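Asker: Would you mind keeping the following structure in view while I ask a few things?
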Amino acid sequence: METAKNKQTKNFGLTFNKFSLILLIACVLIPNMAVFGQSDGNDNACVECHKRTVQKDILHGPTATSCTSCHESNGKKHPLADVVGFTLFAEGAELCYSCHTVFKEEQNLKFVHKPVKNGECSECHEVHSSNNKNLVFAKSPELCFFCHSNFDKDREKAKSIHTASYAGDACTQCHKPHASAEKKLLADNSKQLCLNCHNKKIEKKDGAIIANIEKHLTESSYMHKALSSSCTSCHNPHYSSRNLLLTDNLPIGIYAKGVEENFALCFGCHDTDLLNLEKTDSYTQFREADQNLHFLHVNKEKGRNCTSCHDVHAANNTKLIAKTVKFGRWDMPLNFIENENGGTCATGCHKERSYSRGAVK
Ligand code: HEC
Ligand code: HEC
Ligand code: HEC
Ligand code: HEC
Ligand code: HEC
Ligand code: HEC
Ligand code: HEC
Ligand code: HEC
Ligand code: HEC
Ligand code: HEC
């Protein structure tokens, strides 16, 4: 696993060797310079030799003021070849927590990111100075990919990509880098997390408009229980080998071959008998007496997709029957009216038709 720090250290090796060489030459040529003299703890003096520590745009607070707020002299002459002149006040995260006291409390959250738990702050942060705000080695997503290089390996082949997850602040729009009360280090519960952005219409690059999901949910009387805690039971937040980031099969559009694999997304939670049984008096309420009207509508070569009647997010009709469905560019009305024994539809597909389950059980 190549990490940000590995890279940094490698680079450092090179520059430091050159630096030492220059230093050595300087010592020989300018005997008066106190290069091998005792360092008196004057921080300006440190920087004269250790320019690299203050080289980048953004200085870590204490770097700007006092090297010795972290490095303590052990009294030995500095620098001396192969003699260590300084010790850190504390090891690993404890050094950081000695000033960033509130960050220590993050360790008490339910989910703590592994490198944070291990005290490996400097796997992600530069301790002296950095070209990025928050002193990170690289911005997200690159920072995350240093360790999560596999996570993303199928993205090239994906059918849909949530480009929002890779743009702007990318990963940290949804994940906390240190710790979180939510699983998978999420910044919010998975549903709210999505609605933080899907609370408006979004225009995609190709000009297509994505509906305002939050508005639709708040304006609907019935919400699909599948959404109650999470959107990710159906959508992958990063990318997917299917359309619309779906986690399992579901065709897009009105028609699809009526075999259960095609609707695997729904049948991950619902019983396939609602589709497969031609006759039933219990597996579905959508029936004329014991004739299964799901079977009738869906189970054929050119069957109707579930989404040609149901709005999978929410609806004002019971049973998530949509008000309208997209038929090409047409918002085709369904005009569903429920009654205690069945219901009536009058759609672009057919004139008014009613079904009745017979005596209520
Ligand atoms: C005259 C130049 C010079 C000055 C001044 C100097 N250093 Fe160094 N420092 C070096 C060199 C050269 C090395 C590498 C020594 C080696 O490879 O063993 C080094 C190594 C270090 C190291 C890593 C090894 C160790 O000894 O712990 C630390 C930490 C360090 N310096 C901190 C400081 C601090 C803090 C100051 C100011 C109080 C300071 N240095 C002042 C030249 C200097
Ligand atoms: C916030 C605490 C902190 C401050 C302030 C700080 N350092 Fe460091 N320094 C560290 C830590 C931690 C390491 C070990 C880095 C690692 O393991 O990646 C380190 C390593 C070093 C090293 C050896 C390796 C390297 O990265 O170059 C030198 C030299 C050094 N510091 C010099 C300085 C000088 C000079 C200053 C002041 C300009 C300074 N440090 C200020 C925490 C600090
Ligand atoms: C001696 C006290 C001290 C120590 C030790 C210390 N810091 Fe800081 N740190 C500060 C101060 C002061 C600031 C600047 C104040 C601020 O921005 O809140 C700061 C700011 C930061 C920032 C935010 C920078 C930004 O761009 O907003 C990060 C990240 C950070 N420190 C990480 C670390 C890490 C990682 C360690 C341990 C290797 C560490 N600090 C150790 C005092 C310290
Ligand atoms: C996996 C990478 C990673 C690790 C490990 C990590 N951080 Fe951070 N840290 C970040 C990122 C990214 C940010 C920027 C915050 C954001 O985007 O939400 C940050 C922000 C910070 C800040 C500034 C935040 C603020 O609100 O001012 C401090 C301080 C900090 N980290 C300290 C630490 C300390 C201490 C540790 C070790 C216990 C640590 N970090 C470990 C990635 C990391
Ligand atoms: C220094 C290496 C490192 C970096 C950098 C890093 N991670 Fe991680 N991350 C890990 C490790 C190790 C695990 C634990 C993996 C495991 O247990 O299988 C992990 C786990 C996770 C998890 C899953 C947590 C869970 O509860 O299952 C998420 C989400 C995550 N990281 C997001 C991020 C994000 C976002 C970034 C960039 C801000 C990032 N990571 C940067 C090492 C890293
Ligand atoms: C739009 C929000 C969002 C963004 C942006 C995002 N993620 Fe996630 N990520 C999630 C959610 C939600 C989950 C949990 C999925 C679940 O419930 O199974 C997750 C899970 C993960 C996991 C754990 C995977 C597992 O199978 O346990 C990792 C690792 C991860 N994300 C890394 C990243 C990285 C790296 C980035 C940036 C390239 C990123 N995420 C961007 C929302 C997001
Ligand atoms: C940071 C803002 C942001 C967050 C958070 C966010 N989205 Fe998105 N989402 C977008 C944007 C912008 C688009 C349109 C461009 C694109 O595909 O990324 C989009 C597109 C989509 C699409 C349509 C993809 C397509 O192929 O047309 C789906 C589905 C989606 N998001 C689901 C989710 C889910 C589920 C979550 C929560 C895990 C979520 N989004 C969180 C901004 C966001
Ligand atoms: C039960 C599965 C399921 C759940 C849970 C779910 N979705 Fe969807 N979502 C779908 C399906 C299926 C489609 C495609 C609808 C269609 O083709 O008519 C879709 C479409 C979308 C789209 C694209 C809409 C457009 O106008 O192009 C977005 C954005 C979206 N969902 C976001 C979300 C968000 C946010 C959540 C959580 C609040 C969520 N979804 C929960 C199944 C689900
Ligand atoms: C993550 C699980 C899950 C997935 C995936 C899922 N559902 Fe559901 N669905 C539920 C739950 C839970 C209920 C509530 C059942 C109940 O109350 O008896 C429900 C109820 C329904 C209802 C009846 C609503 C009502 O008011 O009784 C319909 C219609 C429905 N789902 C259609 C679908 C369709 C179409 C799909 C595929 C796009 C789908 N579901 C995918 C979990 C899921
Ligand atoms: C032609 C329109 C239509 C299609 C296509 C359709 N449904 Fe339905 N579905 C209904 C109606 C109408 C009801 C309400 C029956 C009632 O309660 O009167 C219903 C009810 C349901 C229910 C509630 C339980 C039940 O069966 O009564 C679920 C779950 C469901 N449908 C899932 C699906 C799935 C999954 C698909 C795709 C495989 C699908 N539906 C396709 C019209 C349709």
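Following the order of the structure tokens, first chain is A, next is B, and so on, with residues numbered from 1 inside each chain and ligands from 1 in the order they appear.
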Please, which residues in chain A fall within 7 Å of ligand 10 when counting only C-alpha atoms and all ligand atoms, and what is the closest atom pair and distance in Å to one decimal for each, ordered by chain then residue number, as JSON lines?

Answerer:
```
{"residue": "A:Phe263", "atom": "CA", "partner": "ligand 10", "partner_atom_place_in_ligand_line": "38 (C)", "distance": 5.7}
{"residue": "A:Cys266", "atom": "CA", "partner": "ligand 10", "partner_atom_place_in_ligand_line": "35 (C)", "distance": 5.0}
{"residue": "A:Phe267", "atom": "CA", "partner": "ligand 10", "partner_atom_place_in_ligand_line": "35 (C)", "distance": 6.4}
{"residue": "A:His270", "atom": "CA", "partner": "ligand 10", "partner_atom_place_in_ligand_line": "29 (C)", "distance": 6.0}
{"residue": "A:Leu274", "atom": "CA", "partner": "ligand 10", "partner_atom_place_in_ligand_line": "26 (O)", "distance": 5.6}
{"residue": "A:Leu275", "atom": "CA", "partner": "ligand 10", "partner_atom_place_in_ligand_line": "38 (C)", "distance": 6.1}
{"residue": "A:Tyr283", "atom": "CA", "partner": "ligand 10", "partner_atom_place_in_ligand_line": "26 (O)", "distance": 6.2}
{"residue": "A:Thr284", "atom": "CA", "partner": "ligand 10", "partner_atom_place_in_ligand_line": "26 (O)", "distance": 3.4}
{"residue": "A:Gln285", "atom": "CA", "partner": "ligand 10", "partner_atom_place_in_ligand_line": "27 (O)", "distance": 3.6}
{"residue": "A:Phe286", "atom": "CA", "partner": "ligand 10", "partner_atom_place_in_ligand_line": "15 (C)", "distance": 3.7}
{"residue": "A:His294", "atom": "CA", "partner": "ligand 10", "partner_atom_place_in_ligand_line": "6 (C)", "distance": 5.6}
{"residue": "A:His297", "atom": "CA", "partner": "ligand 10", "partner_atom_place_in_ligand_line": "1 (C)", "distance": 5.3}
{"residue": "A:Val298", "atom": "CA", "partner": "ligand 10", "partner_atom_place_in_ligand_line": "5 (C)", "distance": 5.7}
{"residue": "A:Arg304", "atom": "CA", "partner": "ligand 10", "partner_atom_place_in_ligand_line": "5 (C)", "distance": 4.7}
{"residue": "A:Asn305", "atom": "CA", "partner": "ligand 10", "partner_atom_place_in_ligand_line": "5 (C)", "distance": 5.2}
{"residue": "A:Cys306", "atom": "CA", "partner": "ligand 10", "partner_atom_place_in_ligand_line": "37 (C)", "distance": 3.3}
{"residue": "A:Thr307", "atom": "CA", "partner": "ligand 10", "partner_atom_place_in_ligand_line": "5 (C)", "distance": 6.7}
{"residue": "A:Ser308", "atom": "CA", "partner": "ligand 10", "partner_atom_place_in_ligand_line": "5 (C)", "distance": 5.5}
{"residue": "A:Cys309", "atom": "CA", "partner": "ligand 10", "partner_atom_place_in_ligand_line": "2 (C)", "distance": 4.3}
{"residue": "A:His310", "atom": "CA", "partner": "ligand 10", "partner_atom_place_in_ligand_line": "7 (N)", "distance": 6.2}
{"residue": "A:Lys319", "atom": "CA", "partner": "ligand 10", "partner_atom_place_in_ligand_line": "14 (C)", "distance": 5.3}
{"residue": "A:Ile321", "atom": "CA", "partner": "ligand 10", "partner_atom_place_in_ligand_line": "11 (C)", "distance": 6.5}
{"residue": "A:Glu338", "atom": "CA", "partner": "ligand 10", "partner_atom_place_in_ligand_line": "18 (O)", "distance": 6.6}
{"residue": "A:Gly342", "atom": "CA", "partner": "ligand 10", "partner_atom_place_in_ligand_line": "18 (O)", "distance": 4.5}
{"residue": "A:Gly343", "atom": "CA", "partner": "ligand 10", "partner_atom_place_in_ligand_line": "18 (O)", "distance": 5.7}
```

Asker: Which residues of chain A sit at most 7 Å from ligand 6, using only C-alpha atoms and all ligand atoms? Give each one's shortest atom pair and distance in Å (one decimal place), in chain and ascending residue order, as a tab-separated table.

Answerer:
```
residue	atom	partner	partner_atom_place_in_ligand_line	distance
A:Ser140	CA	ligand 6	37 (C)	6.7
A:Pro141	CA	ligand 6	38 (C)	4.8
A:Cys144	CA	ligand 6	35 (C)	5.0
A:Phe145	CA	ligand 6	35 (C)	6.0
A:His148	CA	ligand 6	35 (C)	6.0
A:Phe151	CA	ligand 6	29 (C)	6.1
A:Ala164	CA	ligand 6	5 (C)	6.3
A:Ser165	CA	ligand 6	5 (C)	3.4
A:Tyr166	CA	ligand 6	38 (C)	5.2
A:Ala170	CA	ligand 6	5 (C)	5.1
A:Cys171	CA	ligand 6	37 (C)	3.3
A:Thr172	CA	ligand 6	5 (C)	6.5
A:Gln173	CA	ligand 6	5 (C)	5.2
A:Cys174	CA	ligand 6	2 (C)	4.3
A:His175	CA	ligand 6	7 (N)	6.2
A:Lys184	CA	ligand 6	20 (C)	5.6
A:Leu186	CA	ligand 6	11 (C)	6.5
A:Ser190	CA	ligand 6	12 (C)	5.1
A:Leu193	CA	ligand 6	2 (C)	6.7
A:Cys194	CA	ligand 6	1 (C)	6.2
A:Thr232	CA	ligand 6	17 (O)	5.3
A:Asn236	CA	ligand 6	15 (C)	6.8
A:Pro237	CA	ligand 6	42 (C)	4.8
A:His238	CA	ligand 6	6 (C)	5.9
```

Asker: Using only C-alpha atoms and all ligand atoms, which of the listed residues (A:Arg357, A:His125, A:Lys183, A:His224) sits closest to ligand 4?

Answerer: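 So, comparing all the options, the nearest one is A:His125.
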
Asker: Which residues are near Thr218 in chain A? Cut-off 12 Å, only C-alpha atoms, ignore same chain within fewer than 2 positions. Put them as a PDB file with C-alpha atoms, in the first residue's frame.

Answerer:
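What ended up in out_4.pdb:
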```pdb
ATOM      1  CA  LEU A 195     -30.975  15.122   0.347  1.00  0.00           C
ATOM      2  CA  ASN A 199     -33.039  19.287  -2.505  1.00  0.00           C
ATOM      3  CA  ASN A 212     -35.839  17.557  -6.842  1.00  0.00           C
ATOM      4  CA  ILE A 213     -36.084  14.440  -4.677  1.00  0.00           C
ATOM      5  CA  GLU A 214     -36.567  16.191  -1.340  1.00  0.00           C
ATOM      6  CA  LYS A 215     -39.445  18.281  -2.682  1.00  0.00           C
ATOM      7  CA  HIS A 216     -41.057  15.170  -4.100  1.00  0.00           C
ATOM      8  CA  SER A 220     -46.058  13.102  -1.189  1.00  0.00           C
ATOM      9  CA  SER A 221     -48.358  11.488   1.359  1.00  0.00           C
ATOM     10  CA  TYR A 222     -46.758   8.052   1.127  1.00  0.00           C
ATOM     11  CA  MET A 223     -43.072   7.342   1.142  1.00  0.00           C
ATOM     12  CA  HIS A 313     -39.606   7.005  -4.044  1.00  0.00           C
ATOM     13  CA  ALA A 314     -42.996   8.314  -2.943  1.00  0.00           C
ATOM     14  CA  ALA A 315     -46.503   9.072  -4.174  1.00  0.00           C
ATOM     15  CA  ASN A 316     -49.797  10.638  -3.208  1.00  0.00           C
TER      16      ASN A 316
END
```

Asker: Neighbouring residues of Lys300 in chain A were defined as those with any atom within 10 Å, considering only C-alpha atoms; residues of the same chain fewer than 3 positions away were excluded. Please report them as a PDB file with N, CA and C atoms, in the first residue's frame.

Answerer:
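Resulting contents of part-v5.pdb:
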```pdb
ATOM      1  N   ALA A 256     -40.276  -3.790 -20.512  1.00  0.00           N
ATOM      2  CA  ALA A 256     -39.125  -4.662 -20.276  1.00  0.00           C
ATOM      3  C   ALA A 256     -39.612  -6.090 -20.295  1.00  0.00           C
ATOM      4  N   LYS A 257     -38.719  -7.001 -20.609  1.00  0.00           N
ATOM      5  CA  LYS A 257     -39.088  -8.407 -20.575  1.00  0.00           C
ATOM      6  C   LYS A 257     -39.440  -8.797 -19.136  1.00  0.00           C
ATOM      7  N   GLY A 258     -40.592  -9.476 -18.994  1.00  0.00           N
ATOM      8  CA  GLY A 258     -41.130  -9.702 -17.654  1.00  0.00           C
ATOM      9  C   GLY A 258     -40.551 -10.864 -16.883  1.00  0.00           C
ATOM     10  N   VAL A 259     -39.230 -10.946 -16.812  1.00  0.00           N
ATOM     11  CA  VAL A 259     -38.604 -12.021 -16.028  1.00  0.00           C
ATOM     12  C   VAL A 259     -38.031 -11.422 -14.738  1.00  0.00           C
ATOM     13  N   PHE A 295     -49.005 -10.280 -12.755  1.00  0.00           N
ATOM     14  CA  PHE A 295     -48.628 -11.281 -13.762  1.00  0.00           C
ATOM     15  C   PHE A 295     -49.117 -10.822 -15.137  1.00  0.00           C
ATOM     16  N   LEU A 296     -50.350 -10.390 -15.175  1.00  0.00           N
ATOM     17  CA  LEU A 296     -50.945  -9.984 -16.448  1.00  0.00           C
ATOM     18  C   LEU A 296     -50.170  -8.822 -17.098  1.00  0.00           C
ATOM     19  N   HIS A 297     -49.798  -7.858 -16.304  1.00  0.00           N
ATOM     20  CA  HIS A 297     -49.152  -6.666 -16.876  1.00  0.00           C
ATOM     21  C   HIS A 297     -47.661  -6.850 -17.136  1.00  0.00           C
ATOM     22  N   GLY A 303     -43.239  -6.812 -21.237  1.00  0.00           N
ATOM     23  CA  GLY A 303     -43.969  -6.531 -20.004  1.00  0.00           C
ATOM     24  C   GLY A 303     -43.816  -5.077 -19.599  1.00  0.00           C
ATOM     25  N   ARG A 304     -44.672  -4.669 -18.656  1.00  0.00           N
ATOM     26  CA  ARG A 304     -44.536  -3.299 -18.157  1.00  0.00           C
ATOM     27  C   ARG A 304     -43.587  -3.291 -16.977  1.00  0.00           C
TER      28      ARG A 304
END
```

Asker: Output the neighbourhood of ligand 8 as a PyMOL selection string, that is, all protein and nucleic acid residues with some atom at most 9 Å from the ligand, counting only C-alpha atoms and all ligand atoms.

Answerer: chain A and resi 190-199+201-202+208-214+217+224-235+243-247+249-254+265-266+269+306-308+310-313+325-326

Asker: Using only C-alpha atoms and all ligand atoms, find each residue of chain A with at least one atom at most 8 Å away from an atom of ligand 2; report its shortest atom-to-atom pair and that distance in Å (one decimal), sort the rows by chain and rising residue number, and return the result as JSON lines.

Answerer:
```
{"residue": "A:Lys5", "atom": "CA", "partner": "ligand 2", "partner_atom_place_in_ligand_line": "18 (O)", "distance": 7.1}
{"residue": "A:Thr9", "atom": "CA", "partner": "ligand 2", "partner_atom_place_in_ligand_line": "18 (O)", "distance": 7.7}
{"residue": "A:Phe12", "atom": "CA", "partner": "ligand 2", "partner_atom_place_in_ligand_line": "27 (O)", "distance": 7.5}
{"residue": "A:Asp43", "atom": "CA", "partner": "ligand 2", "partner_atom_place_in_ligand_line": "37 (C)", "distance": 6.2}
{"residue": "A:Asn44", "atom": "CA", "partner": "ligand 2", "partner_atom_place_in_ligand_line": "38 (C)", "distance": 7.6}
{"residue": "A:Cys46", "atom": "CA", "partner": "ligand 2", "partner_atom_place_in_ligand_line": "35 (C)", "distance": 4.6}
{"residue": "A:Val47", "atom": "CA", "partner": "ligand 2", "partner_atom_place_in_ligand_line": "35 (C)", "distance": 5.0}
{"residue": "A:Cys49", "atom": "CA", "partner": "ligand 2", "partner_atom_place_in_ligand_line": "35 (C)", "distance": 7.5}
{"residue": "A:His50", "atom": "CA", "partner": "ligand 2", "partner_atom_place_in_ligand_line": "35 (C)", "distance": 5.0}
{"residue": "A:Lys51", "atom": "CA", "partner": "ligand 2", "partner_atom_place_in_ligand_line": "35 (C)", "distance": 7.4}
{"residue": "A:Arg52", "atom": "CA", "partner": "ligand 2", "partner_atom_place_in_ligand_line": "27 (O)", "distance": 7.3}
{"residue": "A:Thr53", "atom": "CA", "partner": "ligand 2", "partner_atom_place_in_ligand_line": "38 (C)", "distance": 5.6}
{"residue": "A:Val54", "atom": "CA", "partner": "ligand 2", "partner_atom_place_in_ligand_line": "38 (C)", "distance": 6.1}
{"residue": "A:His60", "atom": "CA", "partner": "ligand 2", "partner_atom_place_in_ligand_line": "1 (C)", "distance": 7.0}
{"residue": "A:Gly61", "atom": "CA", "partner": "ligand 2", "partner_atom_place_in_ligand_line": "5 (C)", "distance": 7.4}
{"residue": "A:Pro62", "atom": "CA", "partner": "ligand 2", "partner_atom_place_in_ligand_line": "5 (C)", "distance": 4.4}
{"residue": "A:Thr63", "atom": "CA", "partner": "ligand 2", "partner_atom_place_in_ligand_line": "5 (C)", "distance": 4.1}
{"residue": "A:Ala64", "atom": "CA", "partner": "ligand 2", "partner_atom_place_in_ligand_line": "38 (C)", "distance": 6.5}
{"residue": "A:Thr65", "atom": "CA", "partner": "ligand 2", "partner_atom_place_in_ligand_line": "37 (C)", "distance": 7.6}
{"residue": "A:Ser66", "atom": "CA", "partner": "ligand 2", "partner_atom_place_in_ligand_line": "37 (C)", "distance": 5.9}
{"residue": "A:Cys67", "atom": "CA", "partner": "ligand 2", "partner_atom_place_in_ligand_line": "37 (C)", "distance": 3.4}
{"residue": "A:Thr68", "atom": "CA", "partner": "ligand 2", "partner_atom_place_in_ligand_line": "5 (C)", "distance": 6.6}
{"residue": "A:Ser69", "atom": "CA", "partner": "ligand 2", "partner_atom_place_in_ligand_line": "5 (C)", "distance": 5.5}
{"residue": "A:Cys70", "atom": "CA", "partner": "ligand 2", "partner_atom_place_in_ligand_line": "2 (C)", "distance": 4.3}
{"residue": "A:His71", "atom": "CA", "partner": "ligand 2", "partner_atom_place_in_ligand_line": "7 (N)", "distance": 6.1}
{"residue": "A:Leu88", "atom": "CA", "partner": "ligand 2", "partner_atom_place_in_ligand_line": "11 (C)", "distance": 6.9}
{"residue": "A:Glu91", "atom": "CA", "partner": "ligand 2", "partner_atom_place_in_ligand_line": "12 (C)", "distance": 7.6}
{"residue": "A:Gly92", "atom": "CA", "partner": "ligand 2", "partner_atom_place_in_ligand_line": "12 (C)", "distance": 7.0}
{"residue": "A:Leu95", "atom": "CA", "partner": "ligand 2", "partner_atom_place_in_ligand_line": "2 (C)", "distance": 7.0}
{"residue": "A:Cys96", "atom": "CA", "partner": "ligand 2", "partner_atom_place_in_ligand_line": "1 (C)", "distance": 6.6}
{"residue": "A:Ser122", "atom": "CA", "partner": "ligand 2", "partner_atom_place_in_ligand_line": "18 (O)", "distance": 5.8}
{"residue": "A:Glu123", "atom": "CA", "partner": "ligand 2", "partner_atom_place_in_ligand_line": "18 (O)", "distance": 7.8}
{"residue": "A:Glu126", "atom": "CA", "partner": "ligand 2", "partner_atom_place_in_ligand_line": "18 (O)", "distance": 7.4}
{"residue": "A:Val127", "atom": "CA", "partner": "ligand 2", "partner_atom_place_in_ligand_line": "42 (C)", "distance": 5.5}
{"residue": "A:His128", "atom": "CA", "partner": "ligand 2", "partner_atom_place_in_ligand_line": "6 (C)", "distance": 5.6}
```

Asker: Under the rule of at most 8 Å, produce a per-residue listing of chain A near ligand 4: chain, number, name, the closest pair of atoms, and the distance in Å, as JSON lines, using only C-alpha atoms and all ligand atoms.

Answerer:
```
{"residue": "A:Gly92", "atom": "CA", "partner": "ligand 4", "partner_atom_place_in_ligand_line": "37 (C)", "distance": 7.7}
{"residue": "A:Ala93", "atom": "CA", "partner": "ligand 4", "partner_atom_place_in_ligand_line": "38 (C)", "distance": 4.8}
{"residue": "A:Glu94", "atom": "CA", "partner": "ligand 4", "partner_atom_place_in_ligand_line": "38 (C)", "distance": 7.8}
{"residue": "A:Cys96", "atom": "CA", "partner": "ligand 4", "partner_atom_place_in_ligand_line": "35 (C)", "distance": 4.8}
{"residue": "A:Tyr97", "atom": "CA", "partner": "ligand 4", "partner_atom_place_in_ligand_line": "35 (C)", "distance": 5.8}
{"residue": "A:His100", "atom": "CA", "partner": "ligand 4", "partner_atom_place_in_ligand_line": "29 (C)", "distance": 6.1}
{"residue": "A:Phe103", "atom": "CA", "partner": "ligand 4", "partner_atom_place_in_ligand_line": "35 (C)", "distance": 6.0}
{"residue": "A:Lys104", "atom": "CA", "partner": "ligand 4", "partner_atom_place_in_ligand_line": "38 (C)", "distance": 7.0}
{"residue": "A:His113", "atom": "CA", "partner": "ligand 4", "partner_atom_place_in_ligand_line": "1 (C)", "distance": 7.1}
{"residue": "A:Lys114", "atom": "CA", "partner": "ligand 4", "partner_atom_place_in_ligand_line": "5 (C)", "distance": 7.7}
{"residue": "A:Pro115", "atom": "CA", "partner": "ligand 4", "partner_atom_place_in_ligand_line": "5 (C)", "distance": 4.7}
{"residue": "A:Val116", "atom": "CA", "partner": "ligand 4", "partner_atom_place_in_ligand_line": "5 (C)", "distance": 4.7}
{"residue": "A:Lys117", "atom": "CA", "partner": "ligand 4", "partner_atom_place_in_ligand_line": "38 (C)", "distance": 7.0}
{"residue": "A:Asn118", "atom": "CA", "partner": "ligand 4", "partner_atom_place_in_ligand_line": "38 (C)", "distance": 7.9}
{"residue": "A:Gly119", "atom": "CA", "partner": "ligand 4", "partner_atom_place_in_ligand_line": "38 (C)", "distance": 5.0}
{"residue": "A:Glu120", "atom": "CA", "partner": "ligand 4", "partner_atom_place_in_ligand_line": "5 (C)", "distance": 5.5}
{"residue": "A:Cys121", "atom": "CA", "partner": "ligand 4", "partner_atom_place_in_ligand_line": "37 (C)", "distance": 3.4}
{"residue": "A:Ser122", "atom": "CA", "partner": "ligand 4", "partner_atom_place_in_ligand_line": "5 (C)", "distance": 6.7}
{"residue": "A:Glu123", "atom": "CA", "partner": "ligand 4", "partner_atom_place_in_ligand_line": "5 (C)", "distance": 5.6}
{"residue": "A:Cys124", "atom": "CA", "partner": "ligand 4", "partner_atom_place_in_ligand_line": "2 (C)", "distance": 4.3}
{"residue": "A:His125", "atom": "CA", "partner": "ligand 4", "partner_atom_place_in_ligand_line": "7 (N)", "distance": 6.2}
{"residue": "A:Lys133", "atom": "CA", "partner": "ligand 4", "partner_atom_place_in_ligand_line": "14 (C)", "distance": 7.7}
{"residue": "A:Asn134", "atom": "CA", "partner": "ligand 4", "partner_atom_place_in_ligand_line": "20 (C)", "distance": 5.2}
{"residue": "A:Leu135", "atom": "CA", "partner": "ligand 4", "partner_atom_place_in_ligand_line": "20 (C)", "distance": 7.6}
{"residue": "A:Val136", "atom": "CA", "partner": "ligand 4", "partner_atom_place_in_ligand_line": "11 (C)", "distance": 6.3}
{"residue": "A:Lys139", "atom": "CA", "partner": "ligand 4", "partner_atom_place_in_ligand_line": "12 (C)", "distance": 7.0}
{"residue": "A:Ser140", "atom": "CA", "partner": "ligand 4", "partner_atom_place_in_ligand_line": "12 (C)", "distance": 6.6}
{"residue": "A:Leu143", "atom": "CA", "partner": "ligand 4", "partner_atom_place_in_ligand_line": "2 (C)", "distance": 7.0}
{"residue": "A:Cys144", "atom": "CA", "partner": "ligand 4", "partner_atom_place_in_ligand_line": "1 (C)", "distance": 6.6}
{"residue": "A:Asp169", "atom": "CA", "partner": "ligand 4", "partner_atom_place_in_ligand_line": "17 (O)", "distance": 7.4}
{"residue": "A:Thr172", "atom": "CA", "partner": "ligand 4", "partner_atom_place_in_ligand_line": "17 (O)", "distance": 5.3}
{"residue": "A:Gln173", "atom": "CA", "partner": "ligand 4", "partner_atom_place_in_ligand_line": "17 (O)", "distance": 7.7}
{"residue": "A:His175", "atom": "CA", "partner": "ligand 4", "partner_atom_place_in_ligand_line": "18 (O)", "distance": 7.9}
{"residue": "A:Lys176", "atom": "CA", "partner": "ligand 4", "partner_atom_place_in_ligand_line": "18 (O)", "distance": 5.8}
{"residue": "A:Pro177", "atom": "CA", "partner": "ligand 4", "partner_atom_place_in_ligand_line": "42 (C)", "distance": 4.8}
{"residue": "A:His178", "atom": "CA", "partner": "ligand 4", "partner_atom_place_in_ligand_line": "6 (C)", "distance": 5.7}
```

Asker: Any chance you could list, as an NGL selection string, the residues in range 29-257 of chain A that come up strand (DSSP E or B) when DSSP is run on the backbone?

Answerer: :A and (58-59 or 71-73 or 80 or 83 or 86-88 or 111-112 or 125 or 129-130 or 136 or 160-161 or 175 or 179-180 or 186 or 202-203 or 209-210 or 222-223 or 235 or 239-240 or 246 or 255-256)

Asker: Just checking: using only C-alpha atoms, which residue out of A:Ala179, A:Leu59, A:Val102, A:Ala187 ends up closest to Asn131 in chain A?

Answerer: A:Leu59

Asker: Which residue is closest to ligand 3? Choose from A:Ala81, A:Cys345, A:Ile58, A:Met332 and count only C-alpha atoms and all ligand atoms.

Answerer: A:Ile58

Asker: Using only C-alpha atoms and all ligand atoms, which of A:Lys110, A:Lys76, A:Arg242, A:Lys153 sits nearest ligand 1?

Answerer: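 Comparing A:Lys110, A:Lys76, A:Arg242, A:Lys153 against ligand 1, the winner is A:Lys76.
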
Asker: Looking at only C-alpha atoms and all ligand atoms, which of A:Glu260, A:Asp57, A:Glu278, A:Glu106 is the one that sits closest to ligand 9?

Answerer: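 Among the listed residues, A:Glu260 lies closest to ligand 9.
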
Asker: Quote the spacing between atom 34 (C, counted along the ligand's line) of ligand 3 and CA of Thr101 in chain A in Å to one decimal place.

Answerer: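 Going from atom 34 (C, counted along the ligand's line) of ligand 3 over to CA of Thr101 in chain A, I get 11.0 Å.
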
Asker: Go through range 94-238 of chain A and collect every residue that DSSP, computed from the backbone, puts in alpha helix (DSSP H); the answer should be as a ChimeraX atom specification.

Answerer: /A:94-97,101-105,114-117,142-147,190-195,213-219

Asker: Select, from A:Leu334, A:Thr280, A:Asp152, A:Pro79, the residue with the minimum atom-to-atom distance to ligand 5, counting only C-alpha atoms and all ligand atoms.

Answerer: A:Asp152

Asker: What is the CA of Thr344 in chain A-CA of Lys323 in chain A distance in Å, reported with one decimal?

Answerer: 12.9 Å

Asker: One number please: atom 1 (C, counted along the ligand's line) of ligand 9 to CA of Phe336 in chain A, in Å, one decimal.

Answerer: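 Computed distance, atom 1 (C, counted along the ligand's line) of ligand 9 to CA of Phe336 in chain A, equals 24.9 Å.
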